[in-house]
>>> print(open('data35.csv').read())   # CSV, C-alpha atoms
chain,number,residue,atom,x,y,z
A,264,MET,CA,30.5,27.9,0.9
A,265,LEU,CA,28.9,28.5,4.2
A,266,ALA,CA,27.0,25.5,5.6
A,267,MET,CA,25.5,24.1,8.8
A,268,ASN,CA,27.9,21.7,10.3
A,269,PHE,CA,27.1,19.0,12.9
A,270,ARG,CA,29.7,18.8,15.7
A,271,GLY,CA,27.9,16.4,18.0
A,272,PRO,CA,24.6,16.3,19.9
A,273,TYR,CA,23.2,19.8,20.6
A,274,ARG,CA,26.2,21.3,18.8
A,275,VAL,CA,25.8,22.8,15.3
A,276,ARG,CA,27.5,25.8,13.8
A,277,ALA,CA,27.8,27.6,10.5
A,278,GLN,CA,31.2,27.3,8.9
A,279,GLN,CA,33.0,27.1,5.6
A,280,LYS,CA,32.9,23.8,3.6
A,281,PRO,CA,34.1,23.0,0.1
A,282,ASP,CA,31.5,23.8,-2.6
A,283,PRO,CA,29.7,20.6,-3.9
A,284,VAL,CA,30.7,19.5,-7.4
A,285,ILE,CA,29.1,17.4,-10.1
A,286,GLU,CA,30.0,13.8,-9.3
A,287,HIS,CA,27.8,12.1,-11.8
A,288,PRO,CA,26.4,13.3,-15.2
A,289,GLY,CA,22.9,13.1,-13.7
A,290,ASP,CA,23.7,15.6,-10.9
A,291,ALA,CA,22.7,19.2,-10.5
A,292,ILE,CA,24.2,21.9,-8.2
A,293,VAL,CA,21.5,24.1,-6.7
A,294,ARG,CA,22.1,27.5,-5.1
A,295,VAL,CA,19.9,27.4,-2.0
A,296,ALA,CA,17.3,30.1,-1.6
A,297,ARG,CA,15.5,28.8,1.4
A,298,ALA,CA,16.1,25.9,3.8
A,299,CYS,CA,13.9,24.9,6.7
A,300,ILE,CA,14.6,23.2,10.0
A,301,CYS,CA,12.3,20.2,10.4
A,302,GLY,CA,11.2,18.5,13.5
A,303,SER,CA,12.9,15.5,12.2
A,304,ASP,CA,16.2,17.4,12.2
A,305,LEU,CA,15.9,17.7,16.0
A,306,HIS,CA,16.2,13.9,16.3
A,307,LEU,CA,19.6,14.3,14.6
A,308,TYR,CA,20.4,17.3,16.7
A,309,HIS,CA,19.6,15.4,19.9
A,310,GLY,CA,21.7,12.5,19.0
A,311,LEU,CA,18.9,9.9,18.5
A,312,VAL,CA,19.6,8.9,14.9
A,313,PRO,CA,22.3,6.2,14.4
A,314,ASP,CA,25.4,7.1,12.3
A,315,THR,CA,24.9,10.8,12.3
A,316,ARG,CA,28.5,11.8,11.6
A,317,VAL,CA,30.4,14.9,12.7
A,318,GLY,CA,30.8,17.3,9.8
A,319,MET,CA,27.5,16.4,8.2
A,320,THR,CA,25.2,19.2,6.9
A,321,PHE,CA,21.5,18.7,7.7
A,322,GLY,CA,18.5,20.0,5.8
A,323,HIS,CA,16.0,18.0,3.7
A,324,GLU,CA,13.6,20.9,3.0
A,325,PHE,CA,15.0,23.4,0.5
A,326,THR,CA,14.4,25.3,-2.7
A,327,GLY,CA,16.9,27.1,-4.9
A,328,VAL,CA,18.2,28.0,-8.3
A,329,VAL,CA,19.9,25.5,-10.6
A,330,GLU,CA,23.6,26.6,-10.8
A,331,GLU,CA,25.0,23.8,-12.9
A,332,VAL,CA,23.8,20.5,-14.5
A,333,GLY,CA,25.5,17.3,-15.4
A,334,ALA,CA,25.9,16.2,-19.0
A,335,GLN,CA,22.9,13.8,-18.8
A,336,VAL,CA,20.4,16.1,-17.2
A,337,GLN,CA,17.6,17.0,-19.7
A,338,ASN,CA,14.7,18.2,-17.5
A,339,LEU,CA,16.4,21.1,-15.8
A,340,LYS,CA,18.5,24.1,-17.0
A,341,VAL,CA,20.7,26.6,-15.3
A,342,GLY,CA,18.5,29.3,-13.8
A,343,ASP,CA,15.4,27.2,-13.0
A,344,HIS,CA,13.9,27.9,-9.6
A,345,VAL,CA,13.2,24.5,-8.1
A,346,LEU,CA,11.8,22.8,-5.0
A,347,VAL,CA,13.6,19.6,-4.1
A,348,PRO,CA,11.7,16.8,-2.4
A,349,PHE,CA,13.4,15.4,0.6
A,350,ASN,CA,13.5,11.9,-1.0
A,351,VAL,CA,16.6,11.1,-3.1
A,352,PHE,CA,15.2,8.6,-5.6
A,353,CYS,CA,16.0,7.1,-9.0
A,354,GLY,CA,12.6,7.1,-10.6
A,355,SER,CA,13.0,3.7,-12.3
A,356,CYS,CA,13.4,0.9,-9.6
A,357,PHE,CA,10.6,-1.5,-8.5
A,358,PHE,CA,9.5,0.9,-5.8
A,359,CYS,CA,9.8,4.2,-7.7
A,360,GLN,CA,7.6,2.7,-10.5
A,361,ARG,CA,4.9,2.2,-7.8
A,362,GLU,CA,5.4,5.8,-6.6
A,363,LEU,CA,7.0,4.7,-3.4
A,364,TYR,CA,9.8,7.2,-3.8
A,365,SER,CA,10.7,7.1,-0.1
A,366,ASN,CA,11.6,3.5,-0.5
A,367,CYS,CA,13.8,3.8,-3.6
A,368,HIS,CA,16.0,0.7,-4.0
A,369,ASN,CA,19.0,2.5,-5.6
A,370,THR,CA,19.8,5.5,-3.5
A,371,ASN,CA,20.7,4.1,0.0
A,372,ALA,CA,23.2,1.4,0.2
A,373,GLU,CA,23.0,1.4,4.0
A,374,ALA,CA,19.4,0.1,4.3
A,375,SER,CA,16.9,-2.3,2.9
A,376,ALA,CA,13.9,-0.1,3.9
A,377,ILE,CA,14.2,3.6,3.5
A,378,GLY,CA,15.7,5.3,0.4
A,379,GLY,CA,18.0,8.3,0.4
A,380,ILE,CA,17.2,11.5,2.3
A,381,TYR,CA,19.1,14.7,2.1
A,382,GLY,CA,21.0,15.6,5.2
A,383,TYR,CA,19.7,12.7,7.3
A,384,SER,CA,22.7,10.7,8.6
A,385,HIS,CA,24.4,7.8,6.8
A,386,THR,CA,21.5,5.5,7.7
A,387,ALA,CA,19.6,7.5,5.0
A,388,GLY,CA,22.5,7.4,2.5
A,389,GLY,CA,24.9,10.0,3.8
A,390,TYR,CA,23.8,12.9,1.5
A,391,ASP,CA,24.6,16.4,2.6
A,392,GLY,CA,21.6,18.6,3.0
A,393,GLY,CA,20.4,22.0,2.0
A,394,GLN,CA,21.2,24.1,5.1
A,395,ALA,CA,24.0,25.5,3.1
A,396,GLU,CA,24.6,27.9,0.2
A,397,PHE,CA,24.9,25.1,-2.4
A,398,VAL,CA,23.8,21.4,-2.5
A,399,ARG,CA,24.5,18.6,-4.9
A,400,VAL,CA,21.2,17.1,-6.1
A,401,PRO,CA,21.6,13.5,-7.5
A,402,MET,CA,19.1,12.1,-10.0
A,403,ALA,CA,18.3,15.6,-11.0
A,404,ASP,CA,16.0,14.7,-13.8
A,405,VAL,CA,13.5,12.9,-11.5
A,406,GLY,CA,13.5,14.7,-8.1
A,407,PRO,CA,13.5,18.5,-8.4
A,408,THR,CA,10.3,20.3,-9.6
A,409,VAL,CA,10.3,23.7,-11.3
A,410,ILE,CA,8.3,26.1,-9.1
A,411,PRO,CA,5.3,27.5,-11.0
A,412,LYS,CA,5.5,31.3,-11.5
A,413,ASP,CA,2.4,31.9,-9.4
A,414,LEU,CA,3.6,29.9,-6.4
A,415,ASP,CA,5.2,31.9,-3.6
A,416,GLY,CA,8.6,30.7,-2.6
A,417,ASP,CA,7.7,30.3,1.0
A,418,ASP,CA,4.8,28.0,0.0
A,419,ALA,CA,7.1,26.1,-2.3
A,420,VAL,CA,9.7,25.2,0.4
A,421,LEU,CA,6.9,23.7,2.5
A,422,LEU,CA,6.1,21.4,-0.4
A,423,THR,CA,9.5,19.7,0.0
A,424,ASP,CA,8.4,17.8,3.1
A,425,ALA,CA,6.1,19.2,5.8
A,426,PHE,CA,2.9,19.7,3.8
A,427,PRO,CA,3.2,16.5,1.7
A,428,THR,CA,4.0,14.5,4.9
A,429,GLY,CA,1.0,15.9,6.7
A,430,TYR,CA,-1.1,15.2,3.7
A,431,GLN,CA,0.1,11.7,3.3
A,432,ALA,CA,-0.5,11.1,7.0
A,433,ALA,CA,-4.2,12.0,6.4
A,434,GLU,CA,-4.3,10.1,3.2
A,435,MET,CA,-3.0,6.9,4.8
A,436,GLY,CA,-5.8,7.3,7.4
A,437,ASN,CA,-8.3,6.4,4.6
A,438,ILE,CA,-10.6,9.1,5.9
A,439,LYS,CA,-14.3,8.6,5.1
A,440,GLU,CA,-16.7,11.5,5.0
A,441,GLY,CA,-17.6,12.5,8.5
A,442,ASP,CA,-14.8,10.7,10.3
A,443,THR,CA,-13.3,11.8,13.5
A,444,VAL,CA,-9.6,12.3,13.1
A,445,LEU,CA,-7.2,12.5,16.1
A,446,VAL,CA,-3.8,14.0,15.3
A,447,PHE,CA,-1.0,13.7,17.9
A,448,GLY,CA,1.4,16.6,17.6
A,449,ALA,CA,0.9,20.3,16.8
A,450,GLY,CA,4.2,20.8,15.0
A,451,PRO,CA,4.3,21.6,11.3
A,452,VAL,CA,3.5,18.1,10.2
A,453,GLY,CA,0.6,17.7,12.6
A,454,ILE,CA,-0.7,21.1,11.6
A,455,PHE,CA,-0.8,20.1,8.0
A,456,ALA,CA,-2.2,16.7,8.8
A,457,ALA,CA,-5.1,18.4,10.6
A,458,LYS,CA,-5.7,20.7,7.7
A,459,SER,CA,-5.5,17.9,5.2
A,460,ALA,CA,-8.0,15.8,7.1
A,461,TRP,CA,-10.6,18.4,6.3
A,462,LEU,CA,-9.6,18.4,2.6
A,463,LEU,CA,-10.2,14.6,2.6
A,464,GLY,CA,-13.6,14.8,4.1
A,465,ALA,CA,-13.2,14.6,7.9
A,466,GLY,CA,-16.2,15.6,10.0
A,467,ARG,CA,-14.3,16.3,13.2
A,468,VAL,CA,-10.5,17.0,13.7
A,469,ILE,CA,-8.8,17.0,17.1
A,470,VAL,CA,-5.2,17.8,17.8
A,471,VAL,CA,-3.2,16.7,20.9
A,472,ASP,CA,-0.1,18.4,22.2
A,473,HIS,CA,1.1,19.9,25.5
A,474,VAL,CA,2.5,23.3,24.4
A,475,ASP,CA,-0.2,25.9,24.6
A,476,TYR,CA,1.0,28.3,21.9
A,477,ARG,CA,1.2,25.4,19.4
A,478,LEU,CA,-2.3,24.3,20.3
A,479,GLU,CA,-3.6,27.8,19.8
A,480,PHE,CA,-1.8,28.0,16.5
A,481,VAL,CA,-3.3,24.8,15.1
A,482,LYS,CA,-6.7,25.7,16.4
A,483,ASN,CA,-6.6,28.9,14.3
A,484,PHE,CA,-4.8,27.5,11.2
A,485,ALA,CA,-6.7,24.2,10.9
A,486,GLN,CA,-10.0,25.2,12.6
A,487,CYS,CA,-9.9,22.1,14.8
A,488,GLU,CA,-10.5,21.1,18.4
A,489,THR,CA,-7.5,20.7,20.7
A,490,ILE,CA,-6.5,18.6,23.8
A,491,ASN,CA,-3.6,19.5,26.1
A,492,PHE,CA,-2.6,16.0,27.4
A,493,LYS,CA,-1.2,17.6,30.6
A,494,ASP,CA,-4.8,18.3,31.6
A,495,ILE,CA,-6.1,14.8,31.4
A,496,ASP,CA,-5.4,11.6,33.4
A,497,ASP,CA,-5.9,8.9,30.7
A,498,MET,CA,-5.7,9.6,27.0
A,499,ALA,CA,-7.7,6.6,25.8
A,500,VAL,CA,-10.5,7.1,28.4
A,501,HIS,CA,-10.7,10.8,27.6
A,502,VAL,CA,-11.0,10.2,23.8
A,503,LYS,CA,-13.7,7.6,24.3
A,504,LYS,CA,-15.6,10.0,26.5
A,505,ILE,CA,-15.7,12.7,23.8
A,506,THR,CA,-16.5,10.2,20.9
A,507,GLY,CA,-19.5,8.5,22.3
A,508,GLY,CA,-17.5,5.6,23.8
A,509,LEU,CA,-16.1,4.5,20.5
A,510,GLY,CA,-12.8,6.1,20.0
A,511,ALA,CA,-11.5,8.0,16.9
A,512,ASP,CA,-12.0,6.7,13.4
A,513,VAL,CA,-8.4,7.7,12.5
A,514,CYS,CA,-5.4,8.4,14.7
A,515,ILE,CA,-2.3,10.0,13.3
A,516,ASP,CA,1.1,9.9,14.9
A,517,ALA,CA,2.9,13.1,13.8
A,518,VAL,CA,5.3,13.1,16.7
A,519,GLY,CA,7.7,10.1,16.6
A,520,CYS,CA,10.5,9.1,18.9
A,521,GLU,CA,10.7,12.2,21.1
A,522,ALA,CA,7.2,12.2,22.3
A,523,SER,CA,6.4,13.6,25.8
A,524,GLY,CA,3.7,12.3,28.0
A,525,SER,CA,5.2,9.2,29.6
A,526,LEU,CA,8.1,9.2,32.0
A,527,ALA,CA,8.8,5.5,31.6
A,528,GLN,CA,8.8,5.8,27.8
A,529,THR,CA,11.1,8.8,27.9
A,530,ILE,CA,13.6,7.1,30.2
A,531,ILE,CA,13.6,3.8,28.2
A,532,GLY,CA,13.4,5.3,24.7
A,533,ARG,CA,15.2,8.6,24.9
A,534,TYR,CA,17.7,8.4,27.6
A,535,LEU,CA,18.6,4.7,28.0
A,536,LYS,CA,17.9,4.0,24.3
A,537,LEU,CA,16.6,0.5,25.0
A,538,GLN,CA,14.0,1.0,22.3
A,539,ALA,CA,13.9,3.3,19.2
A,540,GLY,CA,12.6,6.3,21.0
A,541,ALA,CA,9.7,7.0,23.2
A,542,ALA,CA,6.7,5.0,21.9
A,543,THR,CA,4.2,7.1,23.9
A,544,VAL,CA,2.1,8.2,20.9
A,545,LEU,CA,2.1,4.8,19.3
A,546,HIS,CA,0.4,3.5,22.5
A,547,TRP,CA,-2.0,6.4,22.6
A,548,ALA,CA,-2.9,6.0,18.9
A,549,ILE,CA,-3.6,2.3,19.1
A,550,ASN,CA,-5.6,2.6,22.3
A,551,CYS,CA,-7.6,5.7,21.2
A,552,ALA,CA,-8.6,4.3,17.8
A,553,ARG,CA,-12.0,2.7,17.6
A,554,LYS,CA,-12.4,-0.9,16.7
A,555,GLY,CA,-11.9,-1.3,13.0
A,556,GLY,CA,-10.2,2.1,12.8
A,557,THR,CA,-6.9,3.2,11.2
A,558,VAL,CA,-3.6,4.3,12.7
A,559,SER,CA,-1.4,6.4,10.4
A,560,ILE,CA,2.2,6.9,11.4
A,561,VAL,CA,4.6,9.5,9.9
A,562,GLY,CA,6.5,10.3,13.1
A,563,VAL,CA,10.2,9.2,12.9
A,564,TYR,CA,11.4,6.2,14.8
A,565,GLY,CA,14.8,4.5,14.7
A,566,PRO,CA,15.6,1.3,12.8
A,567,THR,CA,15.5,-0.9,16.0
A,568,PHE,CA,12.4,-2.1,17.8
A,569,ASN,CA,9.7,-0.4,19.8
A,570,ALA,CA,7.6,-2.0,22.5
A,571,ILE,CA,4.0,-1.3,21.4
A,572,PRO,CA,0.7,-2.9,22.3
A,573,ILE,CA,0.4,-4.9,19.1
A,574,GLY,CA,-2.1,-7.3,20.7
A,575,ASN,CA,-4.5,-4.4,21.2
A,576,ALA,CA,-4.2,-3.5,17.6
A,577,VAL,CA,-4.9,-7.1,16.5
A,578,ASN,CA,-7.9,-7.5,18.8
A,579,LYS,CA,-9.4,-4.2,17.8
A,580,GLY,CA,-8.9,-5.0,14.1
A,581,LEU,CA,-7.0,-1.9,13.4
A,582,THR,CA,-5.4,-1.0,10.1
A,583,LEU,CA,-1.8,0.3,10.6
A,584,ARG,CA,-0.3,2.4,7.8
A,585,MET,CA,3.0,4.1,7.8
A,586,ASN,CA,5.8,5.4,5.6
A,587,GLN,CA,8.0,8.4,4.9
A,588,ALA,CA,6.1,10.6,2.5
A,589,SER,CA,6.6,10.1,-1.3
A,590,VAL,CA,6.6,13.8,-1.9
A,591,LYS,CA,6.7,13.8,-5.7
A,592,ARG,CA,3.4,11.8,-5.9
A,593,HIS,CA,1.5,14.5,-4.0
A,594,LEU,CA,2.9,17.7,-5.6
A,595,PRO,CA,0.3,18.1,-8.4
A,596,ARG,CA,-2.6,17.9,-6.1
A,597,LEU,CA,-1.0,20.0,-3.3
A,598,ILE,CA,0.0,22.8,-5.7
A,599,GLU,CA,-3.5,22.8,-7.0
A,600,HIS,CA,-4.9,23.2,-3.4
A,601,ILE,CA,-2.5,26.2,-2.9
A,602,GLN,CA,-3.4,27.8,-6.2
A,603,ALA,CA,-7.1,27.4,-5.5
A,604,GLY,CA,-6.7,29.2,-2.1
A,605,ARG,CA,-7.7,26.3,0.0
A,606,ILE,CA,-4.5,26.4,2.1
A,607,GLU,CA,-1.6,28.8,2.6
A,608,PRO,CA,1.3,26.7,3.9
A,609,LYS,CA,3.6,29.8,4.4
A,610,LYS,CA,1.4,30.9,7.3
A,611,ILE,CA,3.1,28.4,9.6
A,612,ILE,CA,6.4,30.2,9.1
A,613,THR,CA,7.2,32.1,12.3
A,614,HIS,CA,11.0,32.7,12.0
A,615,ARG,CA,13.4,33.6,9.2
A,616,VAL,CA,17.0,33.3,10.4
A,617,PRO,CA,20.3,34.0,8.5
A,618,LEU,CA,22.2,30.7,8.0
A,619,GLU,CA,25.1,32.3,9.9
A,620,GLU,CA,22.9,32.1,13.1
A,621,VAL,CA,21.9,28.4,12.6
A,622,SER,CA,23.1,27.5,16.1
A,623,ASP,CA,20.6,29.9,17.6
A,624,ALA,CA,17.9,28.8,15.2
A,625,TYR,CA,18.2,25.2,16.3
A,626,HIS,CA,18.2,26.2,20.0
A,627,ILE,CA,15.0,28.3,19.6
A,628,PHE,CA,13.2,25.5,17.6
A,629,SER,CA,14.3,22.7,19.9
A,630,SER,CA,13.4,24.5,23.1
A,631,LYS,CA,10.1,25.8,21.7
A,632,LEU,CA,11.1,29.4,22.4
A,633,ASP,CA,9.6,32.6,21.1
A,634,ASN,CA,6.4,30.8,19.9
A,635,CYS,CA,8.4,29.1,17.2
A,636,ILE,CA,6.4,26.9,14.7
A,637,LYS,CA,8.6,26.8,11.6
A,638,THR,CA,12.0,28.3,10.8
A,639,ILE,CA,13.5,29.2,7.5
A,640,LEU,CA,17.2,29.6,7.1
A,641,VAL,CA,18.4,32.1,4.6
A,642,PRO,CA,21.9,31.6,3.1
A,643,PRO,CA,23.9,34.9,2.8
A,644,ARG,CA,24.3,34.6,-0.9
A,645,ALA,CA,20.5,34.1,-1.3
A,646,ALA,CA,19.9,37.2,0.8
A,647,ARG,CA,22.3,39.3,-1.2
A,648,LEU,CA,20.7,38.2,-4.5
A,649,SER,CA,17.2,38.6,-3.2
A,650,LEU,CA,16.3,35.0,-4.0
A,651,VAL,CA,14.0,34.8,-1.0
A,652,HIS,CA,11.5,37.4,-2.3
>>> encode(input="data35.csv", output="structure tokens")
Amino acid sequence: MLAMNFRGPYRVRAQQKPDPVIEHPGDAIVRVARACICGSDLHLYHGLVPDTRVGMTFGHEFTGVVEEVGAQVQNLKVGDHVLVPFNVFCGSCFFCQRELYSNCHNTNAEASAIGGIYGYSHTAGGYDGGQAEFVRVPMADVGPTVIPKDLDGDDAVLLTDAFPTGYQAAEMGNIKEGDTVLVFGAGPVGIFAAKSAWLLGAGRVIVVDHVDYRLEFVKNFAQCETINFKDIDDMAVHVKKITGGLGADVCIDAVGCEASGSLAQTIIGRYLKLQAGAATVLHWAINCARKGGTVSIVGVYGPTFNAIPIGNAVNKGLTLRMNQASVKRHLPRLIEHIQAGRIEPKKIITHRVPLEEVSDAYHIFSSKLDNCIKTILVPPRAARLSLVH
């Protein structure tokens, strides 16, 4: 099969790999119809995630058609069109029973924190991802969800990560009616966090970024205010000025370890790697939140430490909430929002690229070229079989 292949930082290509096979009677093989490039994939692409091995296939956002099922699979059949949450989870452990699917205890032998993730290095279990023609889906009875007939495939693929992650970011903010919500990052997750904040009752939503076309996009998609941080001297002072001296009720970090905005943080976190990425947005979020407010973190950071102003958080009485999204828990509600016409996730898709051109697709997304917001990769077999329509 054709698959994205990691050859080292900033080096990916499409090349032939062996087709995946059933390795356990609970597995399924899915023929990929759509796969996205996620902002989190760029952390792998840039060499910032430990134990990202040469030869790995990325891609934790994908949909497809079930090609084969193991002997124990009961909830799927060949021919089902499914969306596959980025979490690899067992459905039965202590954490899965509490719907903490991203913290599954049985799918990642490499860590005591995060569960398995498709295509996200051996620190997340070493599972190959969906930027390929086929993918092996373990625990197939609990992860994949059959796509409703009235749900567009482009909407469905955004339910595998970006929309649920943005929604959970807003949910973890414990938004009260009328709250001011400050979202850092106008990438896909930040865009969905801003839109979700309105769904949860926010009275004011502000998005911070430094790329003009992204700020213009989120302003139109999420009907929010925007701040270009290049235009202000001090983030916390500016936010207090526009919130009556209080600060935001909820601050959301939808950026993570590659944040711009601080030269010192960039050097220490991204280049010297003395901490787990640039903690710029963590500083901003803690310092911009009002006393007694909430900071919600869904941006990706490494497994080592970050130097953050925890004393400020303590003295302000902040609530800090964070996790990888537990996608399956959110799907019923988010599908209902789409079916009711409250949101059209597919509108954030700006680029549709053949899998054969994956190297160019990563370059465009990473360098923020051509007004790129979200890219879908289309495997050649899916294009020939019209699985993307």
>>> residues_around(input="data35.csv", residues="Lys579 of chain A", least_positions_apart="6", cutoff="8 Å", atoms="all atoms listed in the file", output="list of chain:residue names")
A:Arg553, A:Lys554, A:Gly555
>>> residues_around(input="data35.csv", residues="Leu537 of chain A", least_positions_apart="3", cutoff="10 Å", atoms="all atoms listed in the file", output="count of residues only")
12
>>> atom_distance(input="data35.csv", atom1="atom CA of Phe352 of chain A", atom2="atom CA of Ala403 of chain A")
9.4 Å
>>> residues_near_point(input="data35.csv", point="(2.1, 25.8, 20.0)", cutoff="12 Å", atoms="all atoms listed in the file", output="ChimeraX atom specification")
/A:448-451,453-454,470-484,489-491,611,613,628,630-637
>>> atom_distance(input="data35.csv", atom1="atom CA of Phe492 of chain A", atom2="atom CA of Gly524 of chain A")
7.3 Å
>>> closest_residue(input="data35.csv", among="A:Lys610, A:His368, A:Arg399, A:Lys504", to="Phe455 of chain A", atoms="all atoms listed in the file")
A:Lys610
>>> residues_near_point(input="data35.csv", point="(-0.8, 13.1, 8.6)", cutoff="7 Å", atoms="all atoms listed in the file", output="MDAnalysis selection string")
chainID A and resid 428:433 452:453 456 515 517 559 561
>>> closest_residue(input="data35.csv", among="A:Thr408, A:Asn366, A:Ser384, A:Thr506", to="Leu594 of chain A", atoms="only C-alpha atoms")
A:Thr408
>>> closest_residue(input="data35.csv", among="A:Thr423, A:Gln279, A:Asn371, A:Gln360", to="Leu597 of chain A", atoms="all atoms listed in the file")
A:Thr423
>>> residues_around(input="data35.csv", residues="Leu422 of chain A", least_positions_apart="4", cutoff="9 Å", atoms="all atoms listed in the file", output="list in words")
Glu324, Leu346, Val347, Pro348, Asp418, Phe426, Pro427, Thr428, Val590, Leu594, Leu597, Ile598 and Pro608 of chain A
>>> atom_distance(input="data35.csv", atom1="atom CA of Gly389 of chain A", atom2="atom CA of Val332 of chain A")
21.1 Å
>>> residues_around(input="data35.csv", residues="Gly519 of chain A", least_positions_apart="6", cutoff="10 Å", atoms="only C-alpha atoms", output="list in words")
Gly302, Ser303, His306, Phe447, Gly448, Ala539, Gly540, Ala541, Ala542, Thr543, Val544, Leu545, Ile560, Val561, Gly562, Val563, Tyr564 and Gly565 of chain A
>>> residues_around(input="data35.csv", residues="Gly310 of chain A", least_positions_apart="2", cutoff="12 Å", atoms="only C-alpha atoms", output="VMD selection string")
chain A and resid 269 to 275 303 to 308 312 to 317 383 to 384 520 to 521 533 to 534 536 540 565
>>> closest_residue(input="data35.csv", among="A:Phe325, A:Tyr364, A:Trp547, A:Phe357", to="Tyr381 of chain A", atoms="all atoms listed in the file")
A:Phe325
